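Structure file final.txt; described as compact mmCIF, C-alpha atoms (C1' of nucleotides).
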# COMPACT_ATOMS: atom_id res chain seq x y z
CA MET A 240 0.00 0.00 0.00
CA GLY A 241 1.21 3.49 -0.87
CA LEU A 242 0.43 6.65 1.01
CA SER A 243 -3.18 7.39 1.85
CA LYS A 244 -5.16 9.64 -0.41
CA ASP A 245 -5.86 12.04 2.44
CA PHE A 246 -2.21 12.40 3.20
CA VAL A 247 -1.27 12.98 -0.41
CA ALA A 248 -3.92 15.70 -0.60
CA ALA A 249 -2.91 17.34 2.66
CA SER A 250 0.75 17.46 1.80
CA ALA A 251 0.42 18.82 -1.73
CA GLU A 252 0.12 22.47 -0.79
CA PRO A 253 3.09 22.68 1.57
CA LEU A 254 5.26 20.60 -0.75
CA ILE A 255 4.57 22.82 -3.73
CA LEU A 256 5.15 26.01 -1.80
CA SER A 257 8.29 24.61 -0.30
CA ILE A 258 9.67 23.52 -3.65
CA LEU A 259 8.97 26.94 -5.14
CA ALA A 260 10.65 28.57 -2.15
CA GLN A 261 13.88 27.07 -3.48
CA GLY A 262 13.41 28.50 -6.95
CA ASP A 263 10.89 28.78 -9.76
CA SER A 264 9.64 25.57 -11.27
CA TYR A 265 6.90 24.17 -13.50
CA GLY A 266 4.27 21.46 -13.31
CA TYR A 267 5.99 18.56 -14.91
CA ALA A 268 9.22 19.15 -13.00
CA ILE A 269 7.39 19.47 -9.69
CA ILE A 270 5.87 16.04 -10.19
CA ASN A 271 9.32 14.57 -10.73
CA THR A 272 10.78 16.40 -7.76
CA VAL A 273 8.07 15.05 -5.49
CA ARG A 274 8.54 11.53 -6.76
CA GLU A 275 12.25 11.69 -6.04
CA LEU A 276 11.88 13.34 -2.66
CA SER A 277 9.47 10.67 -1.53
CA ASP A 278 11.64 7.87 -2.88
CA GLY A 279 8.89 7.00 -5.29
CA GLU A 280 6.19 6.72 -2.64
CA MET A 281 4.32 9.76 -3.85
CA GLU A 282 3.28 9.75 -7.47
CA TRP A 283 1.16 12.73 -8.45
CA ALA A 284 -1.09 12.64 -11.48
CA ASP A 285 -0.56 15.74 -13.57
CA GLY A 286 -4.29 16.30 -13.77
CA MET A 287 -4.30 16.57 -10.01
CA LEU A 288 -1.42 19.01 -9.83
CA TYR A 289 -2.48 21.60 -12.37
CA PRO A 290 -5.77 22.47 -10.68
CA ILE A 291 -3.89 22.91 -7.41
CA LEU A 292 -1.41 25.20 -9.08
CA HIS A 293 -4.26 27.23 -10.56
CA ARG A 294 -5.92 27.51 -7.15
CA LEU A 295 -2.73 28.66 -5.50
CA GLU A 296 -2.35 31.24 -8.22
CA LYS A 297 -5.89 32.47 -7.75
CA ARG A 298 -5.15 32.86 -4.05
CA GLU A 299 -2.10 34.87 -5.07
CA LEU A 300 0.30 32.64 -3.21
CA ILE A 301 2.16 31.92 -6.43
CA GLU A 302 2.32 33.55 -9.86
CA SER A 303 3.11 32.20 -13.30
CA TYR A 304 4.93 33.22 -16.45
CA TRP A 305 5.65 31.45 -19.68
CA GLY A 306 9.17 30.38 -20.43
CA LYS A 307 11.06 28.14 -22.78
CA ALA A 308 12.95 24.93 -22.20
CA GLU A 309 16.43 24.59 -23.74
CA THR A 310 14.75 22.36 -26.30
CA GLY A 311 12.46 25.16 -27.34
CA ARG A 312 9.33 23.69 -25.84
CA ARG A 313 7.21 26.14 -23.86
CA ARG A 314 6.75 25.83 -20.13
CA LYS A 315 4.68 27.61 -17.54
CA TYR A 316 6.86 28.51 -14.62
CA TYR A 317 5.60 29.33 -11.17
CA ARG A 318 7.17 31.70 -8.69
CA LEU A 319 6.39 31.96 -4.99
CA CYS A 320 4.83 35.29 -3.98
CA ASP A 321 5.53 36.98 -0.67
CA ALA A 322 2.08 35.98 0.51
CA GLY A 323 2.95 32.40 -0.37
CA ARG A 324 6.13 32.54 1.65
CA GLU A 325 4.20 33.82 4.64
CA HIS A 326 1.54 31.21 4.14
CA LEU A 327 4.14 28.47 4.16
CA ALA A 328 5.56 29.81 7.41
CA VAL A 329 2.07 29.80 8.93
CA LEU A 330 1.51 26.22 7.82
CA ARG A 331 4.70 25.05 9.44
CA GLU A 332 3.99 26.98 12.61
CA ASN A 333 0.55 25.35 12.76
CA TRP A 334 2.06 21.89 12.56
CA ARG A 335 4.40 22.74 15.34
CA LYS A 336 1.39 23.83 17.41
CA LEU A 337 -0.38 20.59 16.65
CA GLU A 338 2.69 18.58 17.56
CA ARG A 339 2.88 20.44 20.84
CA MET A 340 -0.78 19.72 21.55
CA LEU A 341 -0.33 16.04 20.78
CA ASP A 342 2.71 15.88 23.01
CA ARG A 343 0.80 17.56 25.80
CA ILE A 344 -1.96 15.02 25.47
CA GLU A 345 0.43 12.11 25.60
CA ARG A 346 2.39 13.41 28.51
CA GLY A 347 -0.87 14.18 30.34
CA ARG A 348 -0.84 17.98 30.30
CA GLU A 349 1.85 19.96 32.30
CA GLY A 350 2.05 22.58 29.57
CA GLN A 351 4.30 24.09 26.85
CA MET Q 197 -6.99 36.18 13.83
CA GLY Q 198 -7.42 32.69 15.23
CA LEU Q 199 -6.31 29.50 13.58
CA SER Q 200 -7.26 28.94 9.95
CA LYS Q 201 -10.30 26.89 9.14
CA ASP Q 202 -8.25 24.44 7.15
CA PHE Q 203 -5.92 23.83 10.01
CA VAL Q 204 -8.72 23.35 12.48
CA ALA Q 205 -10.27 20.80 10.12
CA ALA Q 206 -7.02 18.97 9.46
CA SER Q 207 -6.12 18.66 13.10
CA ALA Q 208 -9.49 17.46 14.37
CA GLU Q 209 -9.02 13.81 13.55
CA PRO Q 210 -5.58 13.33 15.11
CA LEU Q 211 -6.53 15.37 18.14
CA ILE Q 212 -9.63 13.31 18.83
CA LEU Q 213 -7.84 10.01 18.34
CA SER Q 214 -5.00 11.17 20.51
CA ILE Q 215 -7.29 12.31 23.31
CA LEU Q 216 -9.13 8.99 23.24
CA ALA Q 217 -5.82 7.15 23.31
CA GLN Q 218 -5.44 8.51 26.84
CA GLY Q 219 -8.83 7.26 27.96
CA ASP Q 220 -12.49 7.24 27.01
CA SER Q 221 -14.20 10.60 26.71
CA TYR Q 222 -17.34 12.22 25.32
CA GLY Q 223 -18.20 15.07 22.98
CA TYR Q 224 -18.66 17.92 25.35
CA ALA Q 225 -15.54 17.05 27.33
CA ILE Q 226 -13.43 16.71 24.18
CA ILE Q 227 -14.36 20.24 23.18
CA ASN Q 228 -13.19 21.52 26.54
CA THR Q 229 -10.00 19.50 26.41
CA VAL Q 230 -9.13 20.91 23.02
CA ARG Q 231 -9.81 24.45 24.16
CA GLU Q 232 -7.50 24.01 27.13
CA LEU Q 233 -4.77 22.26 25.18
CA SER Q 234 -4.70 25.03 22.62
CA ASP Q 235 -4.73 27.76 25.26
CA GLY Q 236 -8.08 28.90 23.97
CA GLU Q 237 -6.92 29.23 20.37
CA MET Q 238 -9.02 26.35 19.13
CA GLU Q 239 -12.73 26.58 19.86
CA TRP Q 240 -14.73 23.77 18.31
CA ALA Q 241 -18.44 24.12 17.67
CA ASP Q 242 -20.26 21.08 18.99
CA GLY Q 243 -22.16 20.74 15.73
CA MET Q 244 -18.83 20.31 14.02
CA LEU Q 245 -17.52 17.69 16.42
CA TYR Q 246 -20.44 15.29 16.55
CA PRO Q 247 -20.48 14.55 12.82
CA ILE Q 248 -16.74 13.85 12.98
CA LEU Q 249 -17.26 11.49 15.88
CA HIS Q 250 -19.99 9.70 13.96
CA ARG Q 251 -17.74 9.37 10.92
CA LEU Q 252 -14.89 7.98 12.97
CA GLU Q 253 -17.28 5.49 14.47
CA LYS Q 254 -18.55 4.44 11.05
CA ARG Q 255 -14.95 3.89 10.01
CA GLU Q 256 -14.60 1.72 13.13
CA LEU Q 257 -11.71 3.73 14.47
CA ILE Q 258 -13.68 4.49 17.63
CA GLU Q 259 -16.75 2.98 19.28
CA SER Q 260 -19.37 4.42 21.59
CA TYR Q 261 -21.41 3.41 24.62
CA TRP Q 262 -23.87 5.29 26.79
CA GLY Q 263 -22.88 6.20 30.30
CA LYS Q 264 -24.01 8.45 33.10
CA ALA Q 265 -22.42 11.50 34.65
CA GLU Q 266 -22.23 11.68 38.44
CA THR Q 267 -25.08 14.16 38.18
CA GLY Q 268 -27.26 11.59 36.47
CA ARG Q 269 -27.16 13.18 33.06
CA ARG Q 270 -26.56 10.75 30.21
CA ARG Q 271 -23.40 10.87 28.15
CA LYS Q 272 -22.15 9.08 25.08
CA TYR Q 273 -18.62 7.93 25.66
CA TYR Q 274 -16.17 7.05 22.93
CA ARG Q 275 -13.42 4.49 23.12
CA LEU Q 276 -10.49 4.13 20.71
CA CYS Q 277 -10.51 0.86 18.77
CA ASP Q 278 -7.36 -0.99 17.80
CA ALA Q 279 -7.82 0.17 14.23
CA GLY Q 280 -7.97 3.73 15.54
CA ARG Q 281 -4.74 3.32 17.44
CA GLU Q 282 -3.05 2.04 14.32
CA HIS Q 283 -4.53 4.81 12.25
CA LEU Q 284 -3.15 7.39 14.65
CA ALA Q 285 0.29 5.83 14.38
CA VAL Q 286 0.06 5.99 10.58
CA LEU Q 287 -0.96 9.64 10.72
CA ARG Q 288 2.01 10.55 12.85
CA GLU Q 289 4.38 8.55 10.70
CA ASN Q 290 3.05 10.37 7.65
CA TRP Q 291 3.79 13.74 9.21
CA ARG Q 292 7.26 12.64 9.96
CA LYS Q 293 7.66 11.68 6.32
CA LEU Q 294 6.38 15.04 5.20
CA GLU Q 295 8.71 16.83 7.61
CA ARG Q 296 11.60 14.84 6.20
CA MET Q 297 10.62 15.77 2.67
CA LEU Q 298 10.36 19.44 3.55
CA ASP Q 299 13.74 19.32 5.25
CA ARG Q 300 15.26 17.69 2.21
CA ILE Q 301 13.85 20.39 0.00
CA GLU Q 302 15.24 23.14 2.19
CA ARG Q 303 18.64 21.61 2.55
CA GLY Q 304 18.71 20.99 -1.18
CA ARG Q 305 18.45 17.22 -1.32
CA GLU Q 306 21.28 14.98 0.09
CA GLY Q 307 18.75 12.44 1.40
CA GLN Q 308 17.38 10.81 4.58
C1' DT O 155 4.85 8.93 -39.95
C1' DT O 156 4.61 6.72 -35.98
C1' DG O 157 5.48 6.79 -31.32
C1' DC O 158 6.95 8.52 -27.15
C1' DA O 159 8.14 11.87 -23.69
C1' DA O 160 7.57 16.30 -22.31
C1' DC O 161 4.26 19.66 -21.42
C1' DC O 162 -0.35 21.89 -20.49
C1' DC O 163 -5.62 22.16 -19.79
C1' DT O 164 -10.72 21.62 -17.80
C1' DA O 165 -15.64 19.96 -17.06
C1' DG O 166 -18.14 18.22 -13.80
C1' DA O 167 -18.99 13.70 -11.09
C1' DA O 168 -18.29 12.46 -6.66
C1' DG O 169 -17.34 13.49 -2.59
C1' DT O 170 -16.80 16.11 1.98
C1' DT O 171 -17.69 19.41 5.50
C1' DC O 172 -19.92 21.73 9.10
C1' DT O 173 -23.47 25.53 9.71
C1' DA O 174 -27.63 26.36 11.44
C1' DG O 175 -31.08 24.55 13.43
C1' DG O 176 -33.07 21.39 16.73
C1' DT O 177 -33.91 18.53 21.42
C1' DA O 178 -33.46 17.37 26.45
C1' DT O 179 -32.25 17.57 31.39
C1' DA O 180 -30.12 19.16 35.93
C1' DG O 181 -29.36 22.74 38.74
C1' DT O 182 -29.83 27.65 40.21
C1' DT O 183 -32.01 31.89 40.99
C1' DA O 184 -35.86 35.00 41.56
C1' DT J 115 -42.84 27.74 39.17
C1' DA J 116 -40.76 30.21 35.69
C1' DA J 117 -36.69 31.61 33.63
C1' DC J 118 -32.14 30.94 32.78
C1' DT J 119 -27.59 28.59 32.23
C1' DA J 120 -24.61 24.84 31.48
C1' DT J 121 -24.33 20.36 30.10
C1' DA J 122 -25.19 17.14 26.58
C1' DC J 123 -26.57 15.29 22.11
C1' DC J 124 -28.40 15.20 17.08
C1' DT J 125 -28.99 15.95 11.70
C1' DA J 126 -30.45 17.82 7.00
C1' DG J 127 -28.56 19.54 3.35
C1' DA J 128 -26.32 23.99 1.48
C1' DA J 129 -21.93 25.02 0.20
C1' DC J 130 -17.91 23.84 -1.04
C1' DT J 131 -13.74 21.06 -2.67
C1' DT J 132 -11.29 17.67 -5.10
C1' DC J 133 -9.22 15.39 -8.83
C1' DT J 134 -10.51 11.75 -12.38
C1' DA J 135 -10.86 11.12 -16.90
C1' DG J 136 -10.46 13.00 -20.85
C1' DG J 137 -8.28 16.02 -24.21
C1' DG J 138 -4.60 18.85 -26.55
C1' DT J 139 0.34 20.39 -28.44
C1' DT J 140 5.22 20.05 -29.66
C1' DG J 141 10.02 18.23 -30.32
C1' DC J 142 12.77 14.42 -31.31
C1' DA J 143 14.07 9.66 -32.56
C1' DA J 144 13.35 5.47 -35.23

Translate the structure described by the file into structure tokens.
Amino acid sequence: MGLSKDFVAASAEPLILSILAQGDSYGYAIINTVRELSDGEMEWADGMLYPILHRLEKRELIESYWGKAETGRRRKYYRLCDAGREHLAVLRENWRKLERMLDRIERGREGQ
Amino acid sequence: MGLSKDFVAASAEPLILSILAQGDSYGYAIINTVRELSDGEMEWADGMLYPILHRLEKRELIESYWGKAETGRRRKYYRLCDAGREHLAVLRENWRKLERMLDRIERGREGQ
DNA sequence: TTGCAACCCTAGAAGTTCTAGGTATAGTTA
DNA sequence: TAACTATACCTAGAACTTCTAGGGTTGCAA
């Protein structure tokens, strides 16, 4: 069994933002990057990625521009906006909060 | 601004399972527990929690039984099933995987 | 000229979520 | 005994989201 559908869905947004934080990229390459990073465990369908990219763009977390590959083929590159960078930071901070809550539960309160 | 809606939704399932892993509880008490654990940042509406509880029960991750409060008022308690305990472990393992992937991205690959 | 890999797109079926409304009971106060 | 508060639970279905399944183009190699 691979990774659960829910998990794949939940991790898409942070992964994309995080990849773009390292430099502009485009759909097809992002899919390959994710496959490699997950050691092949996460295989995104392209038809799943593009709608996500479009949504992120609509939310103005990322923005796109057309470019060309060395081969001459066109590509749509995405760049992380400032709002996207902030959003990514918020996401990671939220996880840390959740981790803290889960730890608190397990250790039977006594805070922070 | 409080916590984002998405985050509240995403964290509900693990929080509930985690709370029940420490001992049986019931809807109203879970809401209070979460409020305390989050230092008041997370305030669940009861109408949001009960459907989640019902879904978890349908998935056989938790099971319920009626009990009585000391005051005599009836309560529906929930207990974590074995499948729920496993599911919680999988969830946490998945986060760890995601964290690892995000770290890899930031440190520019060189694995594990 | 066929075939494949690299690239992008979207309608809408199928699903999920949780708001907004409801009920009931025990105890307290006036 | 009426009114109010806190405790305790429930659900229909509006509102939204997701992503499958299908389609399209271009460059290069055989």

Go through chain O and flag each residue having an atom no more than 10 Å from chain A; for those, report the closest pair of atoms plus their distance in Å to one decimal, using all atoms listed in the file, ordered by chain and rising number, as CSV.
residue,atom,partner,partner_atom,distance
O:DA160,C1',A:Tyr267,CA,7.9
O:DC161,C1',A:Arg314,CA,6.8
O:DC162,C1',A:Arg314,CA,8.1
O:DC163,C1',A:Tyr289,CA,8.1
O:DT164,C1',A:Pro290,CA,8.7

Using only C-alpha atoms (C1' of nucleotides), which chain J residues lie at most 9 Å away from chain A, written as a PDB file with C-alpha atoms (C1' of nucleotides), in the frame of the given file?
ATOM      1  C1'  DT J 132     -11.290  17.670  -5.100  1.00  0.00           C
ATOM      2  C1'  DC J 133      -9.220  15.390  -8.830  1.00  0.00           C
ATOM      3  C1'  DT J 134     -10.510  11.750 -12.380  1.00  0.00           C
ATOM      4  C1'  DA J 135     -10.860  11.120 -16.900  1.00  0.00           C
ATOM      5  C1'  DT J 140       5.220  20.050 -29.660  1.00  0.00           C
ATOM      6  C1'  DG J 141      10.020  18.230 -30.320  1.00  0.00           C
TER       7       DG J 141
END

Identify every residue of chain A that has at least one atom within 8 Å of any atom of chain Q, counting only C-alpha atoms, and report the result as JSON, numbers by chain.
{"A": [246, 250, 254, 257, 258, 261, 276, 277, 333, 337, 340, 341, 343, 344, 345, 348]}

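Interatomic distance, C1' of DA122 (chain J) to CA of Arg255 (chain Q): 23.6 Å.
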
Region 159-167 of chain O, all listed atoms, 5 Å padding on each side: what axis-aligned box centre and edge lengths in Å to one decimal come out, as AutoDock Vina command-line options?
--center_x -5.4 --center_y 17.0 --center_z -17.4 --size_x 37.1 --size_y 20.3 --size_z 22.6

Kindly give the distance, in Å, that separates CA of Ala322 (chain A) and CA of Leu300 (chain A), rounded to a single decimal.
5.3 Å

Could you state the separation of CA of Asp278 (chain Q) and CA of Ser221 (chain Q) in Å, given to one decimal place?
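Separation of CA of Asp278 (chain Q) and CA of Ser221 (chain Q): 16.1 Å.
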
Missing atoms in region 275-305 of chain Q: fill them in up to N, CA and C atoms and send the result as a CSV table (one decimal), keeping the file's coordinate frame.
chain,number,residue,atom,x,y,z
Q,275,ARG,N,-14.6,5.3,22.8
Q,275,ARG,CA,-13.4,4.5,23.1
Q,275,ARG,C,-12.6,4.3,21.8
Q,276,LEU,N,-11.3,4.4,21.9
Q,276,LEU,CA,-10.5,4.1,20.7
Q,276,LEU,C,-10.4,2.6,20.4
Q,277,CYS,N,-10.7,2.3,19.2
Q,277,CYS,CA,-10.5,0.9,18.8
Q,277,CYS,C,-9.1,0.6,18.4
Q,278,ASP,N,-8.7,-0.7,18.2
Q,278,ASP,CA,-7.4,-1.0,17.8
Q,278,ASP,C,-7.0,-0.4,16.5
Q,279,ALA,N,-8.0,-0.4,15.6
Q,279,ALA,CA,-7.8,0.2,14.2
Q,279,ALA,C,-7.5,1.7,14.4
Q,280,GLY,N,-8.2,2.3,15.3
Q,280,GLY,CA,-8.0,3.7,15.5
Q,280,GLY,C,-6.6,4.0,16.0
Q,281,ARG,N,-6.1,3.2,16.9
Q,281,ARG,CA,-4.7,3.3,17.4
Q,281,ARG,C,-3.7,3.2,16.3
Q,282,GLU,N,-3.9,2.2,15.5
Q,282,GLU,CA,-3.0,2.0,14.3
Q,282,GLU,C,-3.1,3.2,13.4
Q,283,HIS,N,-4.3,3.7,13.2
Q,283,HIS,CA,-4.5,4.8,12.2
Q,283,HIS,C,-3.8,6.0,12.8
Q,284,LEU,N,-3.9,6.3,14.0
Q,284,LEU,CA,-3.2,7.4,14.6
Q,284,LEU,C,-1.6,7.3,14.4
Q,285,ALA,N,-1.1,6.1,14.6
Q,285,ALA,CA,0.3,5.8,14.4
Q,285,ALA,C,0.7,6.1,12.9
Q,286,VAL,N,-0.2,5.7,12.0
Q,286,VAL,CA,0.1,6.0,10.6
Q,286,VAL,C,0.1,7.5,10.3
Q,287,LEU,N,-0.9,8.2,10.9
Q,287,LEU,CA,-1.0,9.6,10.7
Q,287,LEU,C,0.3,10.3,11.2
Q,288,ARG,N,0.8,9.9,12.3
Q,288,ARG,CA,2.0,10.6,12.8
Q,288,ARG,C,3.2,10.2,12.0
Q,289,GLU,N,3.3,9.0,11.6
Q,289,GLU,CA,4.4,8.6,10.7
Q,289,GLU,C,4.4,9.4,9.4
Q,290,ASN,N,3.2,9.6,8.9
Q,290,ASN,CA,3.0,10.4,7.6
Q,290,ASN,C,3.6,11.8,7.8
Q,291,TRP,N,3.3,12.4,9.0
Q,291,TRP,CA,3.8,13.7,9.2
Q,291,TRP,C,5.3,13.7,9.3
Q,292,ARG,N,5.8,12.7,9.9
Q,292,ARG,CA,7.3,12.6,10.0
Q,292,ARG,C,7.9,12.5,8.6
Q,293,LYS,N,7.2,11.8,7.7
Q,293,LYS,CA,7.7,11.7,6.3
Q,293,LYS,C,7.6,13.0,5.6
Q,294,LEU,N,6.5,13.7,5.8
Q,294,LEU,CA,6.4,15.0,5.2
Q,294,LEU,C,7.5,16.0,5.7
Q,295,GLU,N,7.7,16.0,7.0
Q,295,GLU,CA,8.7,16.8,7.6
Q,295,GLU,C,10.1,16.5,7.0
Q,296,ARG,N,10.3,15.2,6.8
Q,296,ARG,CA,11.6,14.8,6.2
Q,296,ARG,C,11.7,15.4,4.8
Q,297,MET,N,10.6,15.3,4.0
Q,297,MET,CA,10.6,15.8,2.7
Q,297,MET,C,10.9,17.3,2.6
Q,298,LEU,N,10.2,18.0,3.5
Q,298,LEU,CA,10.4,19.4,3.6
Q,298,LEU,C,11.8,19.8,3.9
Q,299,ASP,N,12.3,19.1,4.9
Q,299,ASP,CA,13.7,19.3,5.2
Q,299,ASP,C,14.7,19.1,4.1
Q,300,ARG,N,14.4,18.0,3.4
Q,300,ARG,CA,15.3,17.7,2.2
Q,300,ARG,C,15.2,18.8,1.2
Q,301,ILE,N,14.0,19.3,1.0
Q,301,ILE,CA,13.8,20.4,0.0
Q,301,ILE,C,14.7,21.6,0.4
Q,302,GLU,N,14.5,21.9,1.7
Q,302,GLU,CA,15.2,23.1,2.2
Q,302,GLU,C,16.7,23.0,2.2
Q,303,ARG,N,17.2,21.8,2.5
Q,303,ARG,CA,18.6,21.6,2.6
Q,303,ARG,C,19.2,21.2,1.2
Q,304,GLY,N,18.3,21.3,0.2
Q,304,GLY,CA,18.7,21.0,-1.2
Q,304,GLY,C,19.2,19.6,-1.4
Q,305,ARG,N,18.3,18.7,-1.2
Q,305,ARG,CA,18.4,17.2,-1.3
Q,305,ARG,C,19.4,16.6,-0.3
